[in-house]
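Shown next: model.tsv, given as TSV, C-alpha atoms.
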```
chain	number	residue	atom	x	y	z
B	109	MET	CA	87.16	118.29	145.36
B	110	LYS	CA	90.00	118.09	147.88
B	111	LYS	CA	90.27	114.99	150.08
B	112	LEU	CA	92.92	113.44	152.29
B	113	PHE	CA	93.62	109.73	152.70
B	114	THR	CA	96.19	108.06	154.96
B	115	SER	CA	97.82	104.62	154.97
B	116	GLU	CA	100.54	103.08	157.11
B	117	SER	CA	103.27	100.46	156.77
B	118	VAL	CA	105.71	98.82	159.18
B	119	THR	CA	109.23	97.42	158.97
B	120	GLU	CA	110.19	93.76	159.26
B	121	GLY	CA	111.29	94.41	162.86
B	122	HIS	CA	107.77	95.35	163.96
B	123	PRO	CA	106.63	92.65	166.44
B	124	ASP	CA	103.65	91.58	164.31
B	125	LYS	CA	105.83	91.34	161.20
B	126	VAL	CA	108.44	89.31	163.08
B	127	CYS	CA	105.65	86.79	163.70
B	128	ASP	CA	104.37	86.96	160.11
B	129	LEU	CA	107.84	86.22	158.76
B	130	ILE	CA	108.39	83.30	161.12
B	131	SER	CA	105.04	81.79	160.05
B	132	ASP	CA	105.81	82.25	156.34
B	133	SER	CA	109.32	80.85	156.83
B	134	VAL	CA	107.89	77.70	158.40
B	135	LEU	CA	105.41	77.45	155.51
B	136	ASP	CA	108.17	77.82	152.89
B	137	ALA	CA	110.36	75.22	154.58
B	138	MET	CA	107.51	72.70	154.47
B	139	LEU	CA	106.51	73.47	150.88
B	140	GLU	CA	110.14	73.08	149.81
B	141	GLN	CA	110.11	69.46	150.97
B	142	ASP	CA	106.43	68.68	150.36
B	143	PRO	CA	104.55	70.96	147.93
B	144	ASN	CA	101.24	69.49	149.09
B	145	SER	CA	101.78	70.53	152.71
B	146	ARG	CA	98.74	71.87	154.52
B	147	VAL	CA	99.92	74.59	156.85
B	148	ALA	CA	98.16	77.02	159.17
B	149	CYS	CA	101.05	78.34	161.25
B	150	GLU	CA	100.54	81.08	163.83
B	151	THR	CA	103.31	82.78	165.80
B	152	CYS	CA	103.21	85.05	168.81
B	153	ALA	CA	106.12	86.79	170.49
B	154	ASN	CA	106.52	88.74	173.70
B	155	GLY	CA	109.63	89.77	175.57
B	156	ASN	CA	112.30	87.20	174.76
B	157	PHE	CA	109.79	84.43	174.06
B	158	VAL	CA	108.34	82.99	170.83
B	159	LEU	CA	105.45	80.52	170.49
B	160	VAL	CA	104.79	78.76	167.18
B	161	MET	CA	101.44	77.00	167.01
B	162	GLY	CA	98.85	75.78	164.54
B	163	GLU	CA	97.79	72.88	162.34
B	164	VAL	CA	100.08	71.14	159.86
B	165	THR	CA	99.69	68.06	157.65
B	166	SER	CA	102.92	67.42	155.76
B	167	ASN	CA	105.58	64.87	154.93
B	168	ALA	CA	108.21	67.55	155.51
B	169	VAL	CA	110.55	67.30	158.47
B	170	VAL	CA	111.76	70.75	159.49
B	171	ASP	CA	113.57	72.19	162.49
B	172	VAL	CA	111.08	74.85	163.50
B	173	GLU	CA	113.22	76.25	166.31
B	174	LYS	CA	116.13	76.76	163.92
B	175	ILE	CA	113.82	78.52	161.45
B	176	VAL	CA	112.63	80.82	164.24
B	177	ARG	CA	116.16	81.77	165.31
B	178	ASP	CA	117.45	82.18	161.74
B	179	THR	CA	114.49	84.43	160.88
B	180	ILE	CA	114.95	86.65	163.93
B	181	ARG	CA	118.68	86.88	163.22
B	182	LYS	CA	118.07	87.91	159.61
B	183	ILE	CA	115.70	90.65	160.75
B	184	GLY	CA	118.45	92.02	163.00
B	185	TYR	CA	117.55	91.17	166.60
B	186	THR	CA	121.03	89.98	167.56
B	187	LYS	CA	121.93	91.96	170.68
B	188	GLU	CA	120.92	91.41	174.29
B	189	GLU	CA	120.34	95.15	174.74
B	190	TYR	CA	117.41	94.88	172.32
B	191	GLY	CA	115.55	92.71	174.86
B	192	PHE	CA	114.76	90.22	172.07
B	193	ASN	CA	117.62	88.12	170.76
B	194	ALA	CA	117.78	85.36	168.14
B	195	ASP	CA	120.28	83.36	170.17
B	196	THR	CA	118.81	83.60	173.66
B	197	CYS	CA	115.03	83.80	173.17
B	198	GLU	CA	112.92	80.92	174.44
B	199	VAL	CA	111.13	79.08	171.61
B	200	LYS	CA	108.12	76.81	172.11
B	201	VAL	CA	106.59	74.80	169.25
B	202	MET	CA	102.99	73.52	169.38
B	203	LEU	CA	102.05	72.33	165.88
B	204	LYS	CA	99.43	69.60	165.46
B	205	LYS	CA	97.78	67.83	162.53
B	206	GLN	CA	95.01	69.53	160.51
B	207	SER	CA	91.49	68.63	161.61
B	208	ALA	CA	90.10	65.61	159.74
B	209	ASP	CA	86.78	67.46	159.37
B	210	ILE	CA	88.44	70.34	157.52
B	211	ALA	CA	90.55	67.97	155.40
B	212	LEU	CA	87.39	66.16	154.30
B	213	GLY	CA	86.09	69.17	152.41
B	214	VAL	CA	89.46	70.38	151.14
B	215	ASN	CA	90.59	67.04	149.71
B	216	ASN	CA	87.44	66.58	147.65
B	217	SER	CA	85.15	69.48	146.88
B	218	LEU	CA	81.39	69.20	146.73
B	219	GLU	CA	81.68	69.45	142.95
B	220	GLU	CA	84.27	66.68	142.87
B	221	LYS	CA	81.94	64.42	144.81
B	222	ASN	CA	79.20	65.26	142.29
B	223	GLY	CA	81.43	64.23	139.38
B	224	GLU	CA	82.35	67.70	138.07
B	225	GLY	CA	86.09	67.12	138.52
B	226	LEU	CA	86.97	70.46	140.08
B	227	GLY	CA	89.42	69.09	142.61
B	228	GLU	CA	89.95	70.65	146.01
B	229	GLY	CA	87.34	72.60	147.90
B	230	ALA	CA	87.92	75.90	149.69
B	231	GLY	CA	89.64	75.44	153.05
B	232	ASP	CA	87.09	77.70	154.74
B	233	GLN	CA	84.19	79.99	154.01
B	234	GLY	CA	85.25	83.55	153.40
B	235	ILE	CA	84.88	86.85	151.57
B	236	ILE	CA	87.91	88.00	149.59
B	237	PHE	CA	88.70	91.30	147.83
B	238	GLY	CA	91.04	92.35	145.07
B	239	TYR	CA	91.74	95.92	143.96
B	240	ALA	CA	93.81	97.86	141.46
B	241	CYS	CA	93.97	101.47	140.27
B	242	ASN	CA	96.17	103.51	137.97
B	243	GLU	CA	97.48	105.95	140.63
B	244	THR	CA	101.00	104.42	140.75
B	245	GLU	CA	103.25	102.26	138.61
B	246	SER	CA	102.41	99.24	140.78
B	247	TYR	CA	98.65	99.78	140.40
B	248	LEU	CA	98.36	100.34	144.15
B	249	PRO	CA	96.78	103.38	145.83
B	250	ALA	CA	99.36	106.14	146.43
B	251	PRO	CA	99.11	106.26	150.26
B	252	ILE	CA	100.03	102.60	150.82
B	253	TYR	CA	102.52	102.61	147.93
B	254	TYR	CA	104.56	105.44	149.47
B	255	ALA	CA	104.14	104.15	153.04
B	256	HIS	CA	105.71	100.86	151.93
B	257	LYS	CA	108.53	102.71	150.18
B	258	LEU	CA	109.34	104.59	153.40
B	259	ALA	CA	109.30	101.44	155.56
B	260	GLU	CA	111.43	99.53	153.07
B	261	ARG	CA	113.93	102.39	152.89
B	262	LEU	CA	114.02	102.60	156.69
B	263	THR	CA	115.16	98.97	156.79
B	264	ALA	CA	117.64	99.51	153.96
B	265	VAL	CA	119.49	102.40	155.65
B	266	ARG	CA	119.76	100.27	158.79
B	267	LYS	CA	121.03	97.11	157.09
B	268	GLU	CA	123.35	99.00	154.75
B	269	GLU	CA	124.72	100.85	157.83
B	270	ILE	CA	123.94	104.27	156.37
B	271	LEU	CA	122.37	105.09	159.75
B	272	THR	CA	124.19	102.83	162.18
B	273	TYR	CA	122.15	103.77	165.25
B	274	LEU	CA	118.85	102.42	163.93
B	275	ARG	CA	117.23	99.30	165.40
B	276	PRO	CA	114.83	96.92	163.59
B	277	ASP	CA	111.39	98.19	164.66
B	278	GLY	CA	109.72	101.02	162.76
B	279	LYS	CA	106.55	102.40	161.20
B	280	SER	CA	105.59	104.84	158.47
B	281	GLN	CA	102.44	106.71	157.55
B	282	VAL	CA	101.60	108.83	154.53
B	283	THR	CA	98.69	111.23	154.02
B	284	VAL	CA	97.98	111.97	150.37
B	285	GLU	CA	95.94	114.95	149.18
B	286	TYR	CA	93.71	114.24	146.20
B	287	ASP	CA	92.08	116.63	143.79
B	288	GLY	CA	89.05	114.55	142.95
B	289	ASP	CA	90.57	111.16	142.14
B	290	LYS	CA	93.98	112.52	141.14
B	291	VAL	CA	97.00	112.53	143.46
B	292	LYS	CA	97.94	116.17	144.04
B	293	ARG	CA	100.55	116.20	146.85
B	294	ILE	CA	101.60	114.60	150.10
B	295	ASP	CA	100.19	116.44	153.07
B	296	ALA	CA	101.87	114.60	155.97
B	297	ILE	CA	104.54	111.97	156.61
B	298	VAL	CA	105.04	110.09	159.86
B	299	VAL	CA	108.11	107.93	160.50
B	300	SER	CA	108.78	106.27	163.85
B	301	THR	CA	112.03	104.37	164.08
B	302	GLN	CA	113.64	102.41	166.90
B	303	HIS	CA	117.11	103.70	167.72
B	304	ASP	CA	120.06	103.37	170.07
B	305	ASP	CA	119.88	105.11	173.42
B	306	ASN	CA	122.63	107.67	172.82
B	307	VAL	CA	121.21	109.51	169.76
B	308	GLU	CA	119.64	112.95	169.93
B	309	HIS	CA	116.17	113.44	168.51
B	310	ASP	CA	117.25	116.34	166.29
B	311	GLN	CA	119.85	114.10	164.64
B	312	ILE	CA	117.30	111.35	164.00
B	313	GLU	CA	114.83	113.83	162.54
B	314	LYS	CA	117.38	115.33	160.17
B	315	ASP	CA	118.77	111.94	159.07
B	316	ILE	CA	115.37	110.38	158.42
B	317	VAL	CA	114.13	113.29	156.32
B	318	GLU	CA	117.32	113.35	154.24
B	319	ASN	CA	118.09	109.64	153.94
B	320	VAL	CA	114.63	108.08	153.99
B	321	VAL	CA	111.89	110.54	153.05
B	322	LYS	CA	113.67	112.46	150.29
B	323	ALA	CA	115.22	109.25	148.97
B	324	VAL	CA	111.88	107.64	148.07
B	325	ILE	CA	109.18	110.33	147.86
B	326	PRO	CA	109.09	112.23	144.53
B	327	ALA	CA	110.10	115.85	145.08
B	328	GLU	CA	107.09	117.12	143.13
B	329	LEU	CA	104.76	115.63	145.76
B	330	LEU	CA	106.46	117.49	148.62
B	331	ASP	CA	106.05	121.22	149.24
B	332	GLU	CA	106.51	123.84	151.93
B	333	ASN	CA	103.24	122.77	153.56
B	334	THR	CA	104.07	119.08	153.84
B	335	LYS	CA	104.21	118.15	157.52
B	336	TYR	CA	106.87	115.78	158.92
B	337	TYR	CA	106.47	113.87	162.16
B	338	ILE	CA	109.66	111.96	162.92
B	339	ASN	CA	109.57	109.95	166.16
B	340	PRO	CA	106.87	112.27	167.49
B	341	THR	CA	107.07	110.80	171.02
B	342	GLY	CA	110.70	111.92	171.13
B	343	ARG	CA	112.11	108.50	172.06
B	344	PHE	CA	111.86	104.95	170.65
B	345	VAL	CA	114.60	102.80	172.20
B	346	ILE	CA	112.53	99.83	173.39
B	347	GLY	CA	110.88	98.10	170.44
B	348	GLY	CA	110.06	94.82	168.77
B	349	PRO	CA	108.61	92.06	170.97
B	350	ALA	CA	110.44	93.57	173.94
B	351	GLY	CA	108.23	96.64	173.66
B	352	ASP	CA	104.96	95.10	172.52
B	353	SER	CA	103.61	91.61	171.84
B	354	GLY	CA	103.51	90.40	168.25
B	355	LEU	CA	101.02	88.12	166.52
B	356	THR	CA	100.69	86.63	163.04
B	357	GLY	CA	97.98	88.21	160.90
B	358	ARG	CA	97.52	91.45	162.78
B	359	LYS	CA	98.72	93.77	160.01
B	360	ILE	CA	96.18	92.82	157.37
B	361	ILE	CA	95.55	96.37	156.14
B	362	VAL	CA	99.30	96.91	155.74
B	363	ASP	CA	99.41	93.65	153.76
B	364	THR	CA	96.82	94.79	151.20
B	365	TYR	CA	95.58	98.26	150.22
B	366	GLY	CA	96.14	100.42	153.27
B	367	GLY	CA	92.41	100.71	153.92
B	368	TYR	CA	91.78	102.27	150.50
B	369	ALA	CA	89.85	99.15	149.49
B	370	PRO	CA	88.01	96.62	151.68
B	371	HIS	CA	89.76	93.65	153.25
B	372	GLY	CA	88.32	90.16	153.49
B	373	GLY	CA	87.77	88.09	156.59
B	374	GLY	CA	91.17	86.46	156.95
B	375	ALA	CA	94.90	87.15	157.20
B	376	PHE	CA	97.56	85.73	154.86
B	377	SER	CA	100.83	84.75	156.53
B	378	GLY	CA	101.46	81.16	157.57
B	379	LYS	CA	98.66	79.75	155.37
B	380	ASP	CA	99.20	77.34	152.48
B	381	PRO	CA	97.39	78.07	149.17
B	382	THR	CA	94.39	75.82	149.86
B	383	LYS	CA	93.33	78.63	152.21
B	384	VAL	CA	91.37	80.97	149.95
B	385	ASP	CA	91.90	83.81	152.43
B	386	ARG	CA	95.34	83.99	150.90
B	387	SER	CA	95.31	82.42	147.44
B	388	ALA	CA	92.03	83.96	146.28
B	389	ALA	CA	93.14	87.40	147.51
B	390	TYR	CA	96.17	87.07	145.24
B	391	MET	CA	93.99	85.93	142.33
B	392	MET	CA	91.49	88.76	142.79
B	393	ARG	CA	94.37	91.24	142.83
B	394	LYS	CA	95.61	89.77	139.55
B	395	ILE	CA	92.18	89.98	137.94
B	396	ALA	CA	91.59	93.56	139.13
B	397	LYS	CA	95.02	94.58	137.86
B	398	ASP	CA	94.43	92.88	134.51
B	399	ILE	CA	91.18	94.82	134.11
B	400	VAL	CA	92.86	98.17	134.82
B	401	LYS	CA	95.88	97.39	132.64
B	402	ALA	CA	93.57	96.38	129.80
B	403	GLY	CA	91.91	99.81	129.99
B	404	LEU	CA	88.49	98.46	130.92
B	405	ALA	CA	88.45	100.72	134.00
B	406	GLU	CA	90.70	103.16	135.87
B	407	LYS	CA	90.05	101.42	139.17
B	408	CYS	CA	88.50	98.08	139.97
B	409	LEU	CA	87.31	96.29	143.11
B	410	ILE	CA	86.38	92.61	143.02
B	411	GLN	CA	84.74	90.59	145.77
B	412	VAL	CA	84.30	86.82	145.74
B	413	ALA	CA	82.89	84.55	148.41
B	414	TYR	CA	83.54	80.87	149.09
B	415	ALA	CA	81.87	78.10	151.10
B	416	ILE	CA	84.04	75.54	152.90
B	417	GLY	CA	84.43	72.37	150.86
B	418	VAL	CA	83.01	74.00	147.70
B	419	ALA	CA	85.32	74.76	144.77
B	420	LYS	CA	83.51	77.49	142.84
B	421	PRO	CA	82.90	80.94	144.38
B	422	VAL	CA	79.32	81.41	145.56
B	423	SER	CA	79.35	85.05	144.37
B	424	VAL	CA	81.38	87.48	142.23
B	425	PHE	CA	80.98	91.27	142.53
B	426	VAL	CA	82.72	94.08	140.62
B	427	ASP	CA	82.77	97.83	141.29
B	428	THR	CA	84.66	100.16	138.96
B	429	TYR	CA	83.53	103.40	140.66
B	430	GLY	CA	82.10	104.81	137.45
B	431	THR	CA	85.44	104.57	135.60
B	432	ASN	CA	84.44	101.55	133.49
B	433	LYS	CA	84.54	101.58	129.68
B	434	ILE	CA	82.13	98.62	129.44
B	435	SER	CA	79.42	97.62	131.89
B	436	ASN	CA	80.29	95.94	135.17
B	437	GLU	CA	78.06	93.04	134.13
B	438	GLU	CA	80.19	92.51	131.01
B	439	ILE	CA	83.33	92.62	133.16
B	440	VAL	CA	81.90	89.95	135.47
B	441	ASP	CA	81.06	87.81	132.43
B	442	LYS	CA	84.64	88.16	131.16
B	443	ILE	CA	86.02	87.19	134.58
B	444	LEU	CA	83.85	84.08	134.75
B	445	ARG	CA	84.92	83.06	131.23
B	446	GLU	CA	88.62	83.82	131.45
B	447	TYR	CA	89.66	82.88	135.01
B	448	ASP	CA	89.44	79.63	136.97
B	449	MET	CA	88.64	80.78	140.49
B	450	THR	CA	88.47	77.35	142.10
B	451	PRO	CA	91.22	76.65	144.66
B	452	LYS	CA	92.78	74.12	142.26
B	453	GLY	CA	92.58	76.58	139.37
B	454	ILE	CA	94.13	79.41	141.37
B	455	ILE	CA	96.95	77.23	142.71
B	456	THR	CA	97.74	75.92	139.22
B	457	SER	CA	97.57	79.22	137.33
B	458	LEU	CA	99.64	81.13	139.89
B	459	ASP	CA	101.96	78.18	140.69
B	460	LEU	CA	101.35	78.61	144.41
B	461	ARG	CA	102.84	75.38	145.74
B	462	LYS	CA	106.34	76.82	145.54
B	463	PRO	CA	108.13	78.27	148.62
B	464	ILE	CA	107.61	81.93	147.65
B	465	TYR	CA	105.87	83.22	150.73
B	466	LYS	CA	108.77	84.81	152.63
B	467	GLU	CA	108.94	87.23	149.70
B	468	THR	CA	105.39	88.38	150.39
B	469	THR	CA	105.57	89.04	154.14
B	470	ASN	CA	106.98	92.55	154.32
B	471	TYR	CA	106.06	95.82	152.59
B	472	GLY	CA	102.83	94.45	151.14
B	473	HIS	CA	101.78	91.15	149.60
B	474	LEU	CA	100.70	93.08	146.52
B	475	GLY	CA	102.49	95.32	144.04
B	476	LYS	CA	105.79	93.39	143.85
B	477	GLU	CA	106.48	92.63	140.20
B	478	ASN	CA	108.41	89.42	140.92
B	479	LEU	CA	105.34	87.67	142.34
B	480	PRO	CA	103.09	85.57	140.05
B	481	TRP	CA	99.88	87.52	140.66
B	482	GLU	CA	101.56	90.77	139.63
B	483	LYS	CA	102.98	89.56	136.32
```
Entire entry expressed as structure tokens:
Amino acid sequence: MKKLFTSESVTEGHPDKVCDLISDSVLDAMLEQDPNSRVACETCANGNFVLVMGEVTSNAVVDVEKIVRDTIRKIGYTKEEYGFNADTCEVKVMLKKQSADIALGVNNSLEEKNGEGLGEGAGDQGIIFGYACNETESYLPAPIYYAHKLAERLTAVRKEEILTYLRPDGKSQVTVEYDGDKVKRIDAIVVSTQHDDNVEHDQIEKDIVENVVKAVIPAELLDENTKYYINPTGRFVIGGPAGDSGLTGRKIIVDTYGGYAPHGGGAFSGKDPTKVDRSAAYMMRKIAKDIVKAGLAEKCLIQVAYAIGVAKPVSVFVDTYGTNKISNEEIVDKILREYDMTPKGIITSLDLRKPIYKETTNYGHLGKENLPWEK
């Protein structure tokens, strides 16, 4: 049976991703000095203005404004003509201490108080999903896998000055045609890239197809019927926070599975690992991937749920979409035996108190082999 599925990705210059990277950069800076830092850092940006806000409890002393400017500069917003500039933007910092009520449950879980010795409780209630499938080498669904590849390549040709007229903002979108559950071909590709004012659309279209699309998409997935939409509006000069406001945590589907699998209730960036929105999502991805790699199923979805201040998940659910080699109940039993899914257990097993979070921000938090939950 033929079906089409589409996922999107964005570059690091997208206004929401600018904010995600600032938040994760602040988090990393604090974890570097104090691995036990509690951080919930949110960033918003509009025009030539950046606001960093949230709740932090840490012994670290960091220059947040410097982090903001260094991050924006690294992304590539360094010219006044962009309307958003690392050196001239206004930066306002409003970080306060974590609520004592929240800290009460995180510091000592309900189980810890009852003498079970399970350490920290979950930093909030929440539902969290993990997913893996054998469609690609990274165990990600093909649409989001190739959308990330396009966005990453779009940034590379800009930073390597292969296409010198490109600016930092950009988006990609890939529509994959399936025959049943098997990837058959790519039906449509959309790439929108910010560019200098003096470049003709025909030139952009030709350059992007040759230097971006054909550089990362396997030739066998492209055919004479594949449709290309390159800067379909015809013009994309104004971009980044100068063109649209940005906000931490607004690209959650880009961060995970491109909509191919469900997403939990919370975003990732700017949150320390006591927040199960983030840490448990990484752990569930690891478990789902382990199950697929072990040959127990061809695809696997896991859902867990937590209660604030409680260490153990209140529920564990597995769906293998009929591809399982043993029963889903047996898989759940194996998960409960083999994996510690308490916040303390997740943090310890994945070594999450290290400043690794800037590496996660762009082109997906999942599927990168250098990250602990992918190994």
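Of the residues listed (B:Met109, B:Cys152, B:Met391, B:Val422), B:Cys152 shows the shortest atom-to-atom separation from Asp352 of chain B; distances use all atoms listed in the file.
In this structure, atom CA of Met202 of chain B sits 25.2 Å away from atom CA of Ile416 of chain B.
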Let me know the centre plus edge lengths, in Å and rounded to one decimal, of a box with edges along x, y and z that contains all listed atoms of segment 275-285 of chain B and is padded by 5 Å on every side, as JSON.
```
{"center_x": 106.6, "center_y": 105.9, "center_z": 157.3, "size_x": 31.3, "size_y": 28.0, "size_z": 26.2}
```
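Of the listed residues (B:Lys174, B:His122, B:Lys466, B:Lys407), B:Lys466 comes nearest to Lys379 of chain B; the distances count all atoms listed in the file.
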Closest to Ala369 of chain B among B:Tyr254, B:Tyr429, B:Tyr185, B:Tyr286, using only C-alpha atoms?
B:Tyr429
Atom pair atom CA of Thr151 of chain B + atom CA of Gly354 of chain B, distance 8.0 Å
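If all atoms listed in the file are the atoms counted, then among B:Tyr337, B:Asn478, B:Arg261, B:Met138 the closest residue to Lys462 of chain B is B:Met138.
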If we count only C-alpha atoms and set the cut-off at 9 Å, which residues sit around Gly191 of chain B, ignoring sequence neighbours fewer than 6 positions away in its own chain? Please answer as a list of chain:residue names.
B:Gly155, B:Asn156, B:Tyr185, B:Ile346, B:Gly347, B:Gly348, B:Pro349, B:Ala350, B:Gly351
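Checking B:Gln411, B:Val400, B:Ile395, B:Trp481 one by one against Glu245 of chain B, counting all atoms listed in the file, you find the shortest gap at B:Val400.
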Contacts of Thr364 of chain B at 12 Å (all atoms listed in the file; same-chain gap of 6+ positions) as JSON, numbers by chain
{"B": [115, 116, 117, 236, 237, 238, 239, 240, 248, 249, 251, 252, 253, 256, 357, 370, 371, 372, 374, 375, 376, 386, 389, 390, 392, 393, 468, 469, 470, 471, 472, 473, 474, 475, 476]}
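In terms of minimum interatomic distance to Tyr336 of chain B, B:Ser300 ranks closest within B:Asn154, B:Thr356, B:Ser300, B:Ser133, counting all atoms listed in the file.
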Neighbour residues at most 8 Å from (112.1, 117.9, 163.3) (all atoms listed in the file) as a ChimeraX atom specification
/B:309-310,313-314,336-338
Leaving out Ile316 of chain B and any residue of its chain fewer than 6 positions from it, which residues lie within 9 Å of it when counting all atoms listed in the file, given as a VMD selection string?
chain B and resid 262 271 299 301 322 338
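Taking all atoms listed in the file into account, the protein, DNA and RNA residues within 6 Å of (107.0, 103.8, 157.3) read Ser117, Val118, Ala255, Leu258, Ala259, Lys279, Ser280, Gln281 and Val299 of chain B.
Between atom CA of Gly162 of chain B and atom CA of Ala148 of chain B the interatomic distance comes to 5.6 Å.
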For Glu438 of chain B, work out the shell of residues within 12 Å, counting all atoms listed in the file and skipping chain neighbours fewer than 3 positions away, then give it as a PDB file with C-alpha atoms, keeping the file's coordinate frame.
```pdb
ATOM      1  CA  ILE B 399      91.180  94.820 134.110  1.00  0.00           C
ATOM      2  CA  LEU B 404      88.490  98.460 130.920  1.00  0.00           C
ATOM      3  CA  PHE B 425      80.980  91.270 142.530  1.00  0.00           C
ATOM      4  CA  VAL B 426      82.720  94.080 140.620  1.00  0.00           C
ATOM      5  CA  ASP B 427      82.770  97.830 141.290  1.00  0.00           C
ATOM      6  CA  THR B 428      84.660 100.160 138.960  1.00  0.00           C
ATOM      7  CA  ASN B 432      84.440 101.550 133.490  1.00  0.00           C
ATOM      8  CA  LYS B 433      84.540 101.580 129.680  1.00  0.00           C
ATOM      9  CA  ILE B 434      82.130  98.620 129.440  1.00  0.00           C
ATOM     10  CA  SER B 435      79.420  97.620 131.890  1.00  0.00           C
ATOM     11  CA  ASP B 441      81.060  87.810 132.430  1.00  0.00           C
ATOM     12  CA  LYS B 442      84.640  88.160 131.160  1.00  0.00           C
ATOM     13  CA  ILE B 443      86.020  87.190 134.580  1.00  0.00           C
ATOM     14  CA  LEU B 444      83.850  84.080 134.750  1.00  0.00           C
ATOM     15  CA  ARG B 445      84.920  83.060 131.230  1.00  0.00           C
TER      16      ARG B 445
END
```
